[in-house]
Structure formats: structure tokens, C-alpha cells
>>> print(open('target-v3.cif').read())   # mmCIF, C-alpha atoms
data_run
#
loop_
_atom_site.label_atom_id
_atom_site.label_comp_id
_atom_site.auth_asym_id
_atom_site.auth_seq_id
_atom_site.Cartn_x
_atom_site.Cartn_y
_atom_site.Cartn_z
CA MET A 1 4.38 -27.51 -20.37
CA ILE A 2 4.97 -30.18 -23.04
CA ASN A 3 5.72 -27.47 -25.61
CA GLY A 4 8.17 -25.87 -23.20
CA LEU A 5 10.10 -29.09 -22.64
CA THR A 6 10.29 -29.99 -26.33
CA GLN A 7 11.32 -26.60 -27.70
CA THR A 8 14.77 -24.99 -27.80
CA PRO A 9 15.56 -23.44 -25.38
CA LYS A 10 13.50 -25.49 -22.93
CA THR A 11 11.19 -23.75 -20.45
CA LEU A 12 8.87 -24.62 -17.58
CA PRO A 13 6.15 -22.40 -16.04
CA PRO A 14 6.87 -21.23 -12.45
CA LYS A 15 3.61 -22.74 -11.15
CA TYR A 16 5.42 -26.10 -10.93
CA PHE A 17 7.61 -24.69 -8.14
CA TYR A 18 4.71 -24.77 -5.74
CA ASP A 19 3.84 -28.16 -4.39
CA ASP A 20 3.78 -28.24 -0.59
CA ARG A 21 7.56 -28.79 -0.36
CA GLY A 22 8.24 -26.00 -2.83
CA SER A 23 6.06 -23.60 -0.84
CA LEU A 24 7.93 -24.43 2.36
CA LEU A 25 11.27 -23.93 0.62
CA PHE A 26 10.12 -20.55 -0.63
CA GLU A 27 9.21 -19.57 2.93
CA LYS A 28 12.80 -20.45 3.89
CA ILE A 29 14.12 -18.33 1.01
CA CYS A 30 12.20 -15.36 2.41
CA GLU A 31 14.17 -15.69 5.67
CA LEU A 32 17.62 -15.79 4.04
CA PRO A 33 20.03 -12.91 4.73
CA GLU A 34 20.68 -12.48 0.98
CA TYR A 35 16.97 -12.29 0.13
CA TYR A 36 16.27 -8.61 0.80
CA VAL A 37 12.79 -8.66 -0.80
CA THR A 38 10.67 -9.95 2.09
CA ARG A 39 12.18 -7.93 4.91
CA THR A 40 12.26 -4.75 2.79
CA GLU A 41 8.60 -5.00 1.85
CA ALA A 42 7.65 -5.99 5.41
CA LYS A 43 9.30 -2.81 6.69
CA ILE A 44 7.31 -0.72 4.19
CA LEU A 45 4.10 -2.40 5.35
CA GLN A 46 4.98 -1.86 9.01
CA ASP A 47 5.54 1.82 8.33
CA TYR A 48 2.48 2.43 6.16
CA ALA A 49 -0.18 -0.26 6.79
CA SER A 50 -2.25 2.13 8.91
CA GLU A 51 -2.18 4.67 6.10
CA ILE A 52 -3.30 2.00 3.62
CA ALA A 53 -6.19 1.01 5.92
CA ASN A 54 -7.24 4.63 6.30
CA LEU A 55 -7.16 5.20 2.54
CA THR A 56 -9.28 2.15 1.69
CA GLY A 57 -11.63 2.02 4.68
CA TYR A 58 -13.70 -1.14 5.18
CA CYS A 59 -12.65 -3.63 2.52
CA GLU A 60 -12.38 -7.31 1.85
CA LEU A 61 -8.76 -8.37 1.37
CA VAL A 62 -8.06 -10.84 -1.43
CA GLU A 63 -4.44 -11.98 -1.62
CA LEU A 64 -2.88 -13.72 -4.61
CA GLY A 65 -0.08 -16.15 -3.75
CA SER A 66 -0.73 -15.82 -0.02
CA GLY A 67 1.72 -18.50 1.15
CA SER A 68 2.03 -18.30 4.96
CA SER A 69 0.32 -14.86 5.01
CA THR A 70 3.14 -13.53 7.22
CA LYS A 71 3.19 -10.00 5.78
CA THR A 72 -0.59 -9.98 5.49
CA ARG A 73 -0.80 -9.98 9.27
CA ILE A 74 0.60 -6.45 9.22
CA LEU A 75 -2.37 -5.33 7.12
CA LEU A 76 -4.86 -7.31 9.21
CA ASP A 77 -3.50 -5.65 12.37
CA ALA A 78 -3.93 -2.21 10.80
CA TYR A 79 -7.56 -2.84 9.81
CA GLN A 80 -8.29 -4.40 13.20
CA GLU A 81 -6.88 -1.38 15.03
CA LEU A 82 -9.31 0.84 13.13
CA GLY A 83 -12.19 -1.40 14.17
CA HIS A 84 -12.80 -2.70 10.64
CA PRO A 85 -14.30 -6.17 10.09
CA LEU A 86 -11.71 -8.63 8.82
CA HIS A 87 -12.64 -10.52 5.65
CA TYR A 88 -9.69 -12.33 4.04
CA LEU A 89 -9.59 -14.50 0.90
CA PRO A 90 -6.11 -16.03 0.52
CA ILE A 91 -5.47 -17.67 -2.87
CA ASP A 92 -2.61 -20.10 -3.36
CA ILE A 93 -1.83 -23.08 -5.56
CA SER A 94 -0.56 -25.07 -2.55
CA GLY A 95 -3.44 -26.44 -0.49
CA GLY A 96 -1.16 -27.58 2.33
CA ILE A 97 0.32 -24.21 3.16
CA LEU A 98 -3.06 -22.51 2.63
CA GLU A 99 -4.73 -24.75 5.21
CA GLU A 100 -1.90 -24.35 7.71
CA SER A 101 -1.80 -20.55 7.40
CA ALA A 102 -5.61 -20.27 7.69
CA TYR A 103 -5.55 -22.35 10.88
CA ASN A 104 -2.80 -20.19 12.40
CA LEU A 105 -4.57 -16.96 11.46
CA LEU A 106 -7.83 -18.07 13.08
CA LYS A 107 -5.97 -18.75 16.33
CA ASP A 108 -4.63 -15.17 16.37
CA TYR A 109 -7.65 -13.39 14.85
CA PRO A 110 -10.76 -15.07 16.34
CA LYS A 111 -13.14 -12.67 14.56
CA LEU A 112 -11.49 -13.16 11.16
CA ASN A 113 -13.77 -14.29 8.35
CA ILE A 114 -11.47 -16.34 6.12
CA HIS A 115 -12.13 -18.33 2.97
CA GLY A 116 -9.08 -19.94 1.37
CA ILE A 117 -9.07 -20.77 -2.33
CA VAL A 118 -6.73 -23.40 -3.80
CA SER A 119 -6.36 -22.23 -7.37
CA THR A 120 -4.32 -20.43 -9.97
CA TYR A 121 -4.71 -16.65 -10.00
CA GLU A 122 -6.61 -16.50 -13.26
CA THR A 123 -9.22 -19.09 -12.31
CA ALA A 124 -9.76 -17.67 -8.82
CA LEU A 125 -10.16 -14.10 -10.07
CA LYS A 126 -12.81 -15.19 -12.56
CA HIS A 127 -14.92 -16.86 -9.86
CA LEU A 128 -14.78 -14.43 -6.93
CA ASN A 129 -18.14 -13.83 -5.25
CA PRO A 130 -19.27 -10.23 -4.64
CA SER A 131 -17.62 -8.67 -1.61
CA PRO A 132 -19.77 -8.47 1.55
CA LEU A 133 -17.98 -5.26 2.52
CA PRO A 134 -18.25 -1.82 0.86
CA ALA A 135 -15.04 -2.39 -1.11
CA ARG A 136 -12.51 -5.04 -2.07
CA MET A 137 -8.72 -4.81 -2.21
CA ILE A 138 -6.78 -7.38 -4.21
CA GLY A 139 -3.24 -7.67 -2.90
CA PHE A 140 -0.36 -8.95 -4.98
CA ILE A 141 2.54 -8.25 -2.66
CA GLY A 142 5.97 -9.81 -2.74
CA SER A 143 7.80 -9.67 -6.05
CA SER A 144 5.76 -12.20 -8.02
CA LEU A 145 4.81 -9.72 -10.73
CA GLY A 146 8.40 -10.01 -11.89
CA ASN A 147 7.77 -13.64 -12.87
CA LEU A 148 5.53 -12.45 -15.70
CA LYS A 149 6.72 -11.36 -19.13
CA PRO A 150 5.53 -7.88 -20.26
CA GLU A 151 2.67 -9.29 -22.34
CA GLU A 152 1.68 -11.59 -19.46
CA CYS A 153 1.67 -8.61 -17.08
CA HIS A 154 -0.86 -6.83 -19.29
CA VAL A 155 -3.15 -9.88 -19.33
CA PHE A 156 -2.79 -10.28 -15.56
CA PHE A 157 -3.71 -6.65 -14.92
CA SER A 158 -6.75 -7.10 -17.17
CA HIS A 159 -7.90 -10.00 -14.97
CA ILE A 160 -7.45 -7.79 -11.90
CA VAL A 161 -9.63 -5.09 -13.46
CA GLU A 162 -12.35 -7.65 -14.30
CA ALA A 163 -12.39 -8.88 -10.69
CA LEU A 164 -12.88 -5.39 -9.25
CA GLN A 165 -15.80 -2.98 -9.14
CA PRO A 166 -15.26 0.76 -9.70
CA GLY A 167 -13.91 2.19 -6.46
CA ASP A 168 -12.19 -1.09 -5.44
CA TYR A 169 -8.45 -1.26 -4.78
CA PHE A 170 -5.33 -3.08 -5.98
CA LEU A 171 -2.21 -3.22 -3.78
CA LEU A 172 0.87 -4.19 -5.78
CA GLY A 173 4.42 -4.92 -4.66
CA VAL A 174 7.24 -4.44 -7.19
CA ASP A 175 10.96 -5.08 -6.93
CA LEU A 176 12.91 -2.10 -8.27
CA HIS A 177 16.14 -1.79 -10.26
CA LYS A 178 19.34 -2.21 -8.26
CA SER A 179 22.90 -3.46 -8.66
CA LYS A 180 23.85 -6.94 -9.83
CA SER A 181 25.90 -7.43 -6.65
CA ILE A 182 22.69 -7.25 -4.59
CA LEU A 183 20.43 -9.13 -6.98
CA GLU A 184 22.40 -12.27 -7.84
CA PRO A 185 23.09 -13.48 -4.26
CA ALA A 186 19.36 -13.11 -3.53
CA TYR A 187 18.68 -15.84 -6.10
CA ASP A 188 21.76 -17.99 -5.50
CA ASP A 189 22.21 -18.01 -1.73
CA SER A 190 25.16 -19.42 0.15
CA GLN A 191 23.04 -22.08 1.93
CA GLY A 192 21.69 -23.52 -1.33
CA VAL A 193 18.02 -23.05 -0.41
CA THR A 194 17.17 -21.38 -3.71
CA ALA A 195 18.95 -24.18 -5.56
CA ALA A 196 16.84 -26.74 -3.68
CA PHE A 197 13.70 -24.74 -4.52
CA ASN A 198 14.59 -24.69 -8.22
CA LEU A 199 15.49 -28.40 -8.32
CA ASN A 200 12.30 -29.29 -6.46
CA MET A 201 10.41 -28.43 -9.63
CA LEU A 202 11.82 -31.61 -11.17
CA ARG A 203 10.76 -33.64 -8.14
CA HIS A 204 7.28 -32.16 -8.47
CA LEU A 205 7.12 -33.16 -12.15
CA ASN A 206 8.25 -36.69 -11.24
CA HIS A 207 5.37 -36.94 -8.78
CA LEU A 208 2.73 -35.48 -11.11
CA PHE A 209 3.67 -37.29 -14.30
CA GLU A 210 5.56 -40.44 -13.21
CA GLY A 211 8.85 -38.92 -14.29
CA ASN A 212 12.43 -40.05 -13.77
CA PHE A 213 14.31 -36.76 -13.49
CA ASN A 214 17.50 -37.43 -11.53
CA LEU A 215 18.01 -34.26 -9.51
CA GLU A 216 21.72 -35.05 -9.08
CA GLN A 217 22.14 -34.70 -12.85
CA PHE A 218 20.96 -31.07 -12.86
CA GLU A 219 22.26 -27.93 -11.20
CA HIS A 220 20.79 -24.55 -10.28
CA LEU A 221 21.89 -21.57 -12.36
CA ALA A 222 20.87 -17.95 -11.66
CA PHE A 223 22.18 -14.69 -13.12
CA TYR A 224 21.10 -11.11 -13.79
CA ASN A 225 20.34 -10.28 -17.42
CA GLN A 226 21.26 -6.59 -17.51
CA THR A 227 19.80 -6.04 -20.97
CA GLU A 228 16.34 -7.29 -19.97
CA HIS A 229 16.59 -6.06 -16.35
CA GLN A 230 15.69 -9.48 -14.99
CA ILE A 231 17.07 -12.34 -12.94
CA GLU A 232 16.94 -15.62 -14.87
CA MET A 233 16.85 -19.03 -13.20
CA HIS A 234 17.70 -22.20 -15.09
CA LEU A 235 18.25 -25.89 -14.42
CA LYS A 236 21.37 -27.07 -16.23
CA SER A 237 21.79 -30.67 -17.38
CA LEU A 238 25.18 -31.98 -16.25
CA ARG A 239 25.32 -34.65 -18.94
CA SER A 240 23.53 -35.89 -22.05
CA GLN A 241 20.45 -37.78 -20.91
CA THR A 242 16.89 -38.82 -21.69
CA VAL A 243 14.10 -38.16 -19.19
CA GLU A 244 10.65 -39.74 -19.40
CA LEU A 245 7.31 -38.48 -18.09
CA LYS A 246 5.21 -41.62 -18.41
CA LYS A 247 1.78 -40.07 -17.83
CA LEU A 248 2.42 -37.68 -20.72
CA ASN A 249 4.00 -40.36 -22.91
CA LEU A 250 6.90 -37.94 -23.28
CA ALA A 251 10.65 -38.53 -23.67
CA ILE A 252 12.87 -35.46 -23.33
CA GLU A 253 16.40 -35.38 -24.73
CA PHE A 254 19.04 -33.23 -23.00
CA THR A 255 22.52 -32.47 -24.21
CA GLN A 256 25.27 -31.75 -21.69
CA GLY A 257 25.03 -28.14 -20.56
CA GLU A 258 21.51 -27.64 -21.93
CA THR A 259 19.19 -25.73 -19.60
CA ILE A 260 15.53 -25.48 -18.69
CA HIS A 261 14.54 -21.86 -18.12
CA THR A 262 12.35 -22.00 -15.00
CA GLU A 263 11.84 -18.41 -13.90
CA ILE A 264 12.41 -14.76 -14.59
CA SER A 265 12.26 -12.05 -11.96
CA ARG A 266 11.94 -8.69 -13.66
CA LYS A 267 12.89 -5.46 -11.93
CA PHE A 268 10.74 -2.37 -12.43
CA GLU A 269 10.59 1.40 -12.44
CA LEU A 270 7.70 2.79 -10.39
CA GLU A 271 6.73 5.44 -12.92
CA LYS A 272 6.48 2.98 -15.82
CA ILE A 273 4.42 0.40 -13.96
CA GLN A 274 2.07 3.09 -12.65
CA ALA A 275 1.54 4.37 -16.19
CA GLU A 276 0.71 0.84 -17.40
CA LEU A 277 -1.81 0.39 -14.58
CA GLU A 278 -3.41 3.77 -15.27
CA ASP A 279 -3.94 2.85 -18.92
CA LEU A 280 -6.23 0.07 -17.66
CA GLY A 281 -8.12 2.33 -15.26
CA LEU A 282 -6.12 1.48 -12.12
CA VAL A 283 -5.18 4.94 -10.92
CA SER A 284 -2.38 5.19 -8.36
CA ILE A 285 -3.52 6.78 -5.11
CA LYS A 286 -0.15 6.58 -3.40
CA ASN A 287 3.11 4.63 -3.51
CA TRP A 288 5.73 3.92 -0.89
CA THR A 289 9.36 2.78 -1.00
CA ASP A 290 12.05 1.92 1.51
CA GLU A 291 14.93 4.26 2.26
CA ASN A 292 17.17 2.52 -0.30
CA GLN A 293 14.41 2.53 -2.94
CA TRP A 294 14.89 -1.19 -3.46
CA PHE A 295 11.19 -2.06 -3.35
CA GLY A 296 7.93 -0.28 -4.11
CA LEU A 297 4.34 -0.69 -2.94
CA ILE A 298 1.59 0.86 -5.05
CA LEU A 299 -2.03 1.37 -3.99
CA CYS A 300 -4.37 1.80 -6.97
CA GLN A 301 -8.10 2.36 -7.26
CA LEU A 302 -10.25 1.30 -10.19
CA GLN A 303 -11.71 4.49 -11.53
CA THR A 304 -15.44 4.90 -11.92
CA VAL A 305 -16.78 4.96 -15.45
#
>>> encode(input="target-v3.cif", output="C-alpha cells")
Amino acid sequence: MINGLTQTPKTLPPKYFYDDRGSLLFEKICELPEYYVTRTEAKILQDYASEIANLTGYCELVELGSGSSTKTRILLDAYQELGHPLHYLPIDISGGILEESAYNLLKDYPKLNIHGIVSTYETALKHLNPSPLPARMIGFIGSSLGNLKPEECHVFFSHIVEALQPGDYFLLGVDLHKSKSILEPAYDDSQGVTAAFNLNMLRHLNHLFEGNFNLEQFEHLAFYNQTEHQIEMHLKSLRSQTVELKKLNLAIEFTQGETIHTEISRKFELEKIQAELEDLGLVSIKNWTDENQWFGLILCQLQTV
């Protein structure tokens, strides 16, 4: 993080979005009319969750970036309808939302075996216990894969492979290419929720490192980079200023108009991402898209050696 804030251009890793307030703001983003991602993927899951459950059979569900686990309920319902035992390991960096969602799930699924893990993806994947069920499925739904650069994607997929046994499954959600007119409003909504989410990163840094970021001196900036096929989110300094993070003994100089690059959201082609997964031994069993082909869901299985 220090390197990111002292280099040009400045950057911050997306993990700093997700304190408890940031997680709640993201849940609000998912409900926005402009944010097509959540409702589109939820519709795919509603249409095909039973097929997914039939393809995998009994399996422990591990979810990365579980949040409120709203869409996960669709999968849990499908496994429950088939009479499968429900074992769920939600992983999230926000302990507050993880605890709340686990409590709500247990009210609605009394027989659910749930074990929440407050952690980053990498750390959690390295320390997963063996599955008590015949198979495991790691779910990375939503569009979070798009936050990773190509080289980071490859490393992430390698961690997935290491956490699975041959015959286990990986369920991946990917946001697909579409027009700029659809993409940009999804990341710069009319109610300003995404702007508040982006700016909350500075509040989070203030809390963690005794900082003095003045949120009123920064503004949210989001646009679609057509060359790289990715949304880019930035925080733009409205004036020349110096910000201090006392716990890090760090002073950061900003010129007027200078930005901090906080997030990318890459958009994918199904065929290319499936080929990358297959190179690592994650063979696609089936994929599903919505009628507009805005979003894709891929079910892979780690091939036996």
C-alpha cells in the first residue's frame, strides 16, 4: 500500500474498500437499477442452480467474498431440494457482515453446517481443512475476478487449484463485454452510492492508520477503458494537498487533479477464460449466460492426474 501511494500514478488495493461500512455500501450498490451484475447473475442461478447441484452432487460449498450470501441462498435451496447435506464456508474480509449473514442463514436453514472465515482469499485457501463431504466446490461468483490484473488472475487460479482435490469443482462468475453506455452508469450511479463506496476507502485508511484524508477534497471518477476492456475507478484530488498516515509515518503529496487508482473491473470473453482455466487443469463442465449474454457462469472440475 505504501508503494502504491508514493508512486506515480498512485494506486490502492481494492481490499481497503471492505470495512463493515464498505461492505454495506457494496450491498446497496448491488440493489441499484444501474448495477445489472447482481440481478443478471441471480437470474442465471435461479434458472440453473438445480442443474449445478445435480452435476456436482454432495459437496461442501466454499464461497470467496461471500458478503451477505444473498445469491448463495439460491444454491443452498437447490442442494437442499435434492436432499444433500448443507456445508457452507463463507470467506470474507469483513467480520461484521460475515457474522450477520451467518446468523441470518442459520435462522432459515436450521440444518446448515456453517463455518465463517474472516480472511483474505489467499490466506483462507491455503488453510482450508479437508472437506467432510465427497467433494468441494469453491464459488467465486459476482464479478470480483475483474478486479484482478491478468497476471493476478493466473496466480489466483493457481491458489484455487491448490485448494482443490482432483474431482472437486470451481464455480466462477464473469462479467462479459458489453457497451460503454451500459457499463459506465453501473459504476457511477445517479444516487452516488458507488461514489460513497469509493470514498469510503479513504475513511477506512484514516481509521486504520490515523490518517487525515478529507473526503470532501476528493471525488469519485469512473470510466470504461475500451483499449483494456475494463472499468477504472479513481479518487481525484480536488486541490494540491498533503495527507498524513501517522501510524505509517507517511506523508503523501497530491497535486490538483491527481488521482488514486482504486479499482479495475475487467470484462471477459467466455472462451478465453475457459481456455486459461483449462491450462491449469480446471476443465469446464458447462457454462451458462443470460439472454443478453451480459454475464457468464462457468462450472469447472479439477481433472484427475
>>> closest_residue(input="target-v3.cif", among="A:Leu164, A:Ala195, A:Cys300, A:Leu76", to="A:Leu106", atoms="only C-alpha atoms")
A:Leu76
>>> atom_distance(input="target-v3.cif", atom1="atom CA of A:Lys126", atom2="atom CA of A:His159")
7.5 Å
>>> resolve_selection(input="target-v3.cif", expression="the PyMOL selection byres ((chain A and resi 74) around 12)", output="PyMOL selection string")
chain A and resi 41-53+69-73+75-81+105
>>> resolve_selection(input="target-v3.cif", expression="the PyMOL selection byres ((chain A and resi 269) around 12)", output="list in words")
Gly146, Gly173, Val174, Asp175, Leu176, His177, Lys178, His229, Arg266, Lys267, Phe268, Leu270, Glu271, Lys272, Ile273, Gln274, Ala275, Glu276, Thr289, Gln293, Trp294, Phe295, Gly296, Leu297 and Ile298 of chain A
>>> write_last_selection(input="target-v3.cif", atoms="C-alpha atoms", output="mmCIF file, in the frame of the given file")
data_model
loop_
_atom_site.group_PDB
_atom_site.id
_atom_site.type_symbol
_atom_site.label_atom_id
_atom_site.label_comp_id
_atom_site.auth_asym_id
_atom_site.auth_seq_id
_atom_site.Cartn_x
_atom_site.Cartn_y
_atom_site.Cartn_z
ATOM 1 C CA GLY A 146 8.400 -10.010 -11.890
ATOM 2 C CA GLY A 173 4.420 -4.920 -4.660
ATOM 3 C CA VAL A 174 7.240 -4.440 -7.190
ATOM 4 C CA ASP A 175 10.960 -5.080 -6.930
ATOM 5 C CA LEU A 176 12.910 -2.100 -8.270
ATOM 6 C CA HIS A 177 16.140 -1.790 -10.260
ATOM 7 C CA LYS A 178 19.340 -2.210 -8.260
ATOM 8 C CA HIS A 229 16.590 -6.060 -16.350
ATOM 9 C CA ARG A 266 11.940 -8.690 -13.660
ATOM 10 C CA LYS A 267 12.890 -5.460 -11.930
ATOM 11 C CA PHE A 268 10.740 -2.370 -12.430
ATOM 12 C CA LEU A 270 7.700 2.790 -10.390
ATOM 13 C CA GLU A 271 6.730 5.440 -12.920
ATOM 14 C CA LYS A 272 6.480 2.980 -15.820
ATOM 15 C CA ILE A 273 4.420 0.400 -13.960
ATOM 16 C CA GLN A 274 2.070 3.090 -12.650
ATOM 17 C CA ALA A 275 1.540 4.370 -16.190
ATOM 18 C CA GLU A 276 0.710 0.840 -17.400
ATOM 19 C CA THR A 289 9.360 2.780 -1.000
ATOM 20 C CA GLN A 293 14.410 2.530 -2.940
ATOM 21 C CA TRP A 294 14.890 -1.190 -3.460
ATOM 22 C CA PHE A 295 11.190 -2.060 -3.350
ATOM 23 C CA GLY A 296 7.930 -0.280 -4.110
ATOM 24 C CA LEU A 297 4.340 -0.690 -2.940
ATOM 25 C CA ILE A 298 1.590 0.860 -5.050
#
>>> residues_near_point(input="target-v3.cif", point="(10.8, -18.0, -14.4)", cutoff="6 Å", atoms="only C-alpha atoms", output="NGL selection string")
:A and (14 or 147 or 262-264)
>>> residues_around(input="target-v3.cif", residues="A:Phe17", least_positions_apart="3", cutoff="12 Å", atoms="only C-alpha atoms", output="PyMOL selection string")
chain A and resi 12-14+20-26+93-94+194-205+233+262-263
>>> atom_distance(input="target-v3.cif", atom1="atom CA of A:Met137", atom2="atom CA of A:Asp168")
6.0 Å
>>> resolve_selection(input="target-v3.cif", expression="the PyMOL selection byres ((chain A and resi 223) around 7)", output="compact mmCIF listing (two decimals) with C-alpha atoms, in the frame of the given file")
# COMPACT_ATOMS: atom_id res chain seq x y z
CA GLU A 184 22.40 -12.27 -7.84
CA LEU A 221 21.89 -21.57 -12.36
CA ALA A 222 20.87 -17.95 -11.66
CA TYR A 224 21.10 -11.11 -13.79
CA ASN A 225 20.34 -10.28 -17.42
CA ILE A 231 17.07 -12.34 -12.94
CA GLU A 232 16.94 -15.62 -14.87
CA MET A 233 16.85 -19.03 -13.20
>>> build_atoms(input="target-v3.cif", residues="stretch 185-195 of chain A", atoms="all heavy atoms", output="mmCIF file, in the coordinates of the input")
data_model
loop_
_atom_site.group_PDB
_atom_site.id
_atom_site.type_symbol
_atom_site.label_atom_id
_atom_site.label_comp_id
_atom_site.auth_asym_id
_atom_site.auth_seq_id
_atom_site.Cartn_x
_atom_site.Cartn_y
_atom_site.Cartn_z
ATOM 1 N N PRO A 185 23.081 -12.639 -5.465
ATOM 2 C CA PRO A 185 23.090 -13.480 -4.260
ATOM 3 C C PRO A 185 21.688 -13.770 -3.715
ATOM 4 O O PRO A 185 21.484 -14.793 -3.060
ATOM 5 C CB PRO A 185 23.891 -12.630 -3.257
ATOM 6 C CG PRO A 185 24.745 -11.745 -4.101
ATOM 7 C CD PRO A 185 23.893 -11.423 -5.303
ATOM 8 N N ALA A 186 20.728 -12.888 -4.005
ATOM 9 C CA ALA A 186 19.360 -13.110 -3.530
ATOM 10 C C ALA A 186 18.720 -14.320 -4.197
ATOM 11 O O ALA A 186 17.770 -14.906 -3.659
ATOM 12 C CB ALA A 186 18.513 -11.863 -3.776
ATOM 13 N N TYR A 187 19.242 -14.712 -5.359
ATOM 14 C CA TYR A 187 18.680 -15.840 -6.100
ATOM 15 C C TYR A 187 19.657 -17.012 -6.222
ATOM 16 O O TYR A 187 19.392 -17.973 -6.920
ATOM 17 C CB TYR A 187 18.233 -15.379 -7.500
ATOM 18 C CG TYR A 187 17.092 -14.388 -7.429
ATOM 19 C CD1 TYR A 187 17.338 -13.028 -7.239
ATOM 20 C CD2 TYR A 187 15.771 -14.814 -7.507
ATOM 21 C CE1 TYR A 187 16.287 -12.125 -7.142
ATOM 22 C CE2 TYR A 187 14.722 -13.915 -7.417
ATOM 23 C CZ TYR A 187 14.983 -12.569 -7.236
ATOM 24 O OH TYR A 187 13.944 -11.675 -7.137
ATOM 25 N N ASP A 188 20.780 -16.901 -5.533
ATOM 26 C CA ASP A 188 21.760 -17.990 -5.500
ATOM 27 C C ASP A 188 22.476 -17.920 -4.162
ATOM 28 O O ASP A 188 23.663 -17.600 -4.078
ATOM 29 C CB ASP A 188 22.745 -17.854 -6.664
ATOM 30 C CG ASP A 188 23.582 -19.107 -6.861
ATOM 31 O OD1 ASP A 188 23.253 -20.142 -6.253
ATOM 32 O OD2 ASP A 188 24.561 -19.051 -7.624
ATOM 33 N N ASP A 189 21.742 -18.234 -3.104
ATOM 34 C CA ASP A 189 22.210 -18.010 -1.730
ATOM 35 C C ASP A 189 23.290 -19.003 -1.320
ATOM 36 O O ASP A 189 23.431 -20.083 -1.902
ATOM 37 C CB ASP A 189 21.038 -18.100 -0.758
ATOM 38 C CG ASP A 189 20.396 -19.483 -0.766
ATOM 39 O OD1 ASP A 189 19.560 -19.751 -1.642
ATOM 40 O OD2 ASP A 189 20.759 -20.291 0.099
ATOM 41 N N SER A 190 24.023 -18.628 -0.294
ATOM 42 C CA SER A 190 25.160 -19.420 0.150
ATOM 43 C C SER A 190 24.748 -20.751 0.793
ATOM 44 O O SER A 190 25.526 -21.699 0.834
ATOM 45 C CB SER A 190 25.992 -18.615 1.168
ATOM 46 O OG SER A 190 25.197 -18.240 2.285
ATOM 47 N N GLN A 191 23.503 -20.840 1.292
ATOM 48 C CA GLN A 191 23.040 -22.080 1.930
ATOM 49 C C GLN A 191 22.431 -23.066 0.923
ATOM 50 O O GLN A 191 22.127 -24.205 1.283
ATOM 51 C CB GLN A 191 21.995 -21.754 3.003
ATOM 52 C CG GLN A 191 22.525 -20.902 4.140
ATOM 53 C CD GLN A 191 21.442 -20.567 5.146
ATOM 54 O OE1 GLN A 191 20.676 -21.440 5.564
ATOM 55 N NE2 GLN A 191 21.367 -19.305 5.543
ATOM 56 N N GLY A 192 22.229 -22.629 -0.312
ATOM 57 C CA GLY A 192 21.690 -23.520 -1.330
ATOM 58 C C GLY A 192 20.183 -23.742 -1.262
ATOM 59 O O GLY A 192 19.655 -24.667 -1.885
ATOM 60 N N VAL A 193 19.472 -22.878 -0.536
ATOM 61 C CA VAL A 193 18.020 -23.050 -0.410
ATOM 62 C C VAL A 193 17.328 -22.754 -1.735
ATOM 63 O O VAL A 193 16.418 -23.475 -2.158
ATOM 64 C CB VAL A 193 17.461 -22.149 0.711
ATOM 65 C CG1 VAL A 193 15.944 -22.362 0.844
ATOM 66 C CG2 VAL A 193 18.143 -22.441 2.039
ATOM 67 N N THR A 194 17.777 -21.709 -2.427
ATOM 68 C CA THR A 194 17.170 -21.380 -3.710
ATOM 69 C C THR A 194 17.447 -22.471 -4.745
ATOM 70 O O THR A 194 16.595 -22.794 -5.572
ATOM 71 C CB THR A 194 17.681 -20.027 -4.235
ATOM 72 O OG1 THR A 194 17.634 -19.064 -3.184
ATOM 73 C CG2 THR A 194 16.825 -19.541 -5.395
ATOM 74 N N ALA A 195 18.632 -23.060 -4.674
ATOM 75 C CA ALA A 195 18.950 -24.180 -5.560
ATOM 76 C C ALA A 195 18.006 -25.351 -5.300
ATOM 77 O O ALA A 195 17.490 -25.976 -6.235
ATOM 78 C CB ALA A 195 20.399 -24.607 -5.365
#
